[in-house]
Amino acid sequence: MAHLRSRRRLALAVPVVLSLTASLGFLPAAAQAAPRVESAAQAADAGTFAYLVNTKTDPYTIKSVKKAINAAGGSVVVSYDKIGVIVVHSANPDFAKEIRKVRGVQSAGASRTSPVQAAGTTDEGAVQYLSKAEAAKVAGTSTAGEEPLEADQWDLRAIGADKAAQIDPGSKSVTVAVIDVGVDDTHPDIAPNFSPSQSANCVSGKADTTYGSWRPVDADHYHGTHVAGEIAAARNGIGVAGVAPGVKVSGITVAQPDANQLFFPESVVCAFVFAADHGVEITNNSYYVDPWQYNCMDDPDQRAIVDAVNRAQLYAQHKGTLNVAAAGNSNNDLDSNALVDASSPDDSTPVTRTVDPHECFDVPTQLPGVVTVSATGVKGAKSYYSSYGDGVIDVAAPGGDKYQIPDTPSKNGRILSTLPNNQYGYLQGTSMATPHVAAVAALLKSTHPWATPSQLQALLKAEADNPGCPTDPYDGNGDGVVDATCVGGKRINGFYGFGIVNALRAVK
């Protein structure tokens with residue numbers, strides 16, 4: 001499965017087309033500890049590869065570059081002229097090398113290391129389905145005013161979402177787009193709040209708005225439906241409740257339809273642009289962009305990925321969309337000097353490498369202006385799997401933790417939500433924390449409809465509750481080994497950023 005996440009910074013005044021390297025002040029020739037991984041063209045003997053070509057945005061340059069693409073043996077799949085990103089397919093093994101020499105091309109590279117197949121998420125562990133017998137047991141403990149399965153939703157109570165819903169469940173004029181593996185909008189808890197007009201399938205890199213195209217291809221593509229329910233499951237007397245049960249939710253599918261469910265960058269570029277152009281206020285990004293867990297700026301292919309996705313998400317920000325993303329489930333310190341990445345590239349043969357997360361980026365969570373989210377359990381402590389980092393994490397939210405056991409009917413420390421085919425189940429991960437933050441942001445947008453993305457982010461931080469760094473050494477799984485070190489103080493720290501979001505404060 002792709003790296004779905006159960007998973008930095010540009011001033012908004014900076015032009016959308018400015019590259020991440022320039023915007024963050026990195027030196028063009030910055031040294032990088034990561035070994036140079038062979039290019040996509042070198043990684044396979046034959047086949048058609050997908051490429052990202054990033055250019056200046058003036059019409060003359062784009063027209064000229066498109067001619068050069070054809071001359072180099074490439075075919076344009078889609079061109080996002082407003083941000084200067086062109087998605088290309090080519091069987092020419094030297095395509096990237098040739099196109100980088102063209103005037104007006106600012107970066108270009110392969111978006112994957114294996115050939116395009118004919119037509120990563122961040123949950124931690126397999127889904128646990130709620131059986132009918134278990135559901136009946138939980139429903140038997142519900143009280144007046146609660147949804148049938150709400151007694152098992154400790155996460156709602158942890159951030160005051162149950163009380164917030166009584167004051168303001170959120171506005172129908174606010175939409176959260178779930179960029180994911182697909183959303184089952186026929187689920188009775190999701191259908192009342194689903195927005196088909198703001199949904200699409202972006203797997204090819206070009207938006208397909210055919211009705212139902214956003215739905216998961218099968219029940220194993222459950223991640224997006226779980227996320228959507230966490231955000232906006234209706235309070236309709238059926239199943240569970242979302243954190244913001246009055247807002248709309250849409251689905252933008254970016255995962256490949258096979259079992260690996262990979263999220264390639266051209267699909268994510270399409271999703272951000274589509275969301276922005278269709279009036280989406282908030283996007284939920286519970287994944288990292290495949291095939292690289294960390295994209296290093298000294299690699300031309302990975303640099304092109306960072307550049308393209310950053311242009312798209314900045315475009316969304318400038319159009320008024322707040323992007324919220326998961327920090328990841330590797331228990332990595334994203335402010336450390338070195339991390340070991342043994343999983344990339346995940347579409348071919350991984351190569352173990354040591355990377356500096358200040359120069360090799362987890363995309364989209366480390367991109368400028370994106371809200372980066374860590375996960376907590378029922379005790380309010382960092383989840384054992386959640387990545388962290390001083391100055392990297394913005395806020396935290398319940399993502400579940402099997403080692404932190406709640407006093408609920410099922411005694412399950414994971415997050416209960418919707419699944420395809422009218423089912424329910426438990427998942428844990430920064431994938432599950434992120435929709436809690438996206439939903440609280442939707443409540444804030446409902447209360448402050450004119451707030452910009454940067455203002456919404458400031459409000460998220462202002463209403464958060466920060467437990468501060470733990471006084472004892474952090475041992476997330478209780479095995480007697482210190483698993484992580486929290487840096488910072490009560491106001492802001494590496495585990496929780498500015499704190500755990502609070503839905504009740506958001507509506508007040």
# chains A, B, ... in the order shown; residues from 1 in each chain; ligands from 1
call {"tool": "residues_around", "arguments": {"residues": "region 153-166 of chain A", "least_positions_apart": "3", "cutoff": "9 Å", "atoms": "only C-alpha atoms", "output": "PyMOL selection string"}}
result
chain A and resi 146+149-150+169-170+235+240-246+377-380+397-400+406-408+413-417+436+440+500-508
call {"tool": "atom_distance", "arguments": {"atom1": "CA of Thr352 (chain A)", "atom2": "CA of Val340 (chain A)"}}
result
7.0 Å
call {"tool": "closest_residue", "arguments": {"among": "A:Ala151, A:Val280, A:Val76, A:Ala304", "to": "Ala177 (chain A)", "atoms": "only C-alpha atoms"}}
result
A:Val280
call {"tool": "residues_around", "arguments": {"residues": "region 186-197 of chain A", "least_positions_apart": "6", "cutoff": "6 Å", "atoms": "only C-alpha atoms", "output": "PyMOL selection string"}}
result
chain A and resi 233-234+248-250+422
call {"tool": "residues_around", "arguments": {"residues": "Val273 (chain A)", "least_positions_apart": "6", "cutoff": "8 Å", "atoms": "only C-alpha atoms", "output": "count of residues only"}}
result
4
call {"tool": "closest_residue", "arguments": {"among": "A:Asp94, A:Glu147, A:Asp475, A:Glu359", "to": "Tyr384 (chain A)", "atoms": "only C-alpha atoms"}}
result
A:Asp475
call {"tool": "select_by_dssp", "arguments": {"residues": "region 242-398 of chain A", "states": "helix (DSSP H, G or I)", "output": "NGL selection string"}}
result
:A and (265-277 or 300-318)
call {"tool": "atom_distance", "arguments": {"atom1": "CA of Ala200 (chain A)", "atom2": "CA of Pro420 (chain A)"}}
result
17.5 Å
call {"tool": "closest_atom_pairs", "arguments": {"of": "region 256-310 of chain A", "to": "region 213-220 of chain A", "cutoff": "10 Å", "atoms": "only C-alpha atoms", "output": "tab-separated table"}}
result
residue	atom	partner	partner_atom	distance
A:Gln256	CA	A:Val217	CA	9.6
A:Pro257	CA	A:Val217	CA	6.4
A:Asp258	CA	A:Val217	CA	8.7
A:Ala259	CA	A:Asp220	CA	8.0
A:Gln261	CA	A:Asp220	CA	9.6
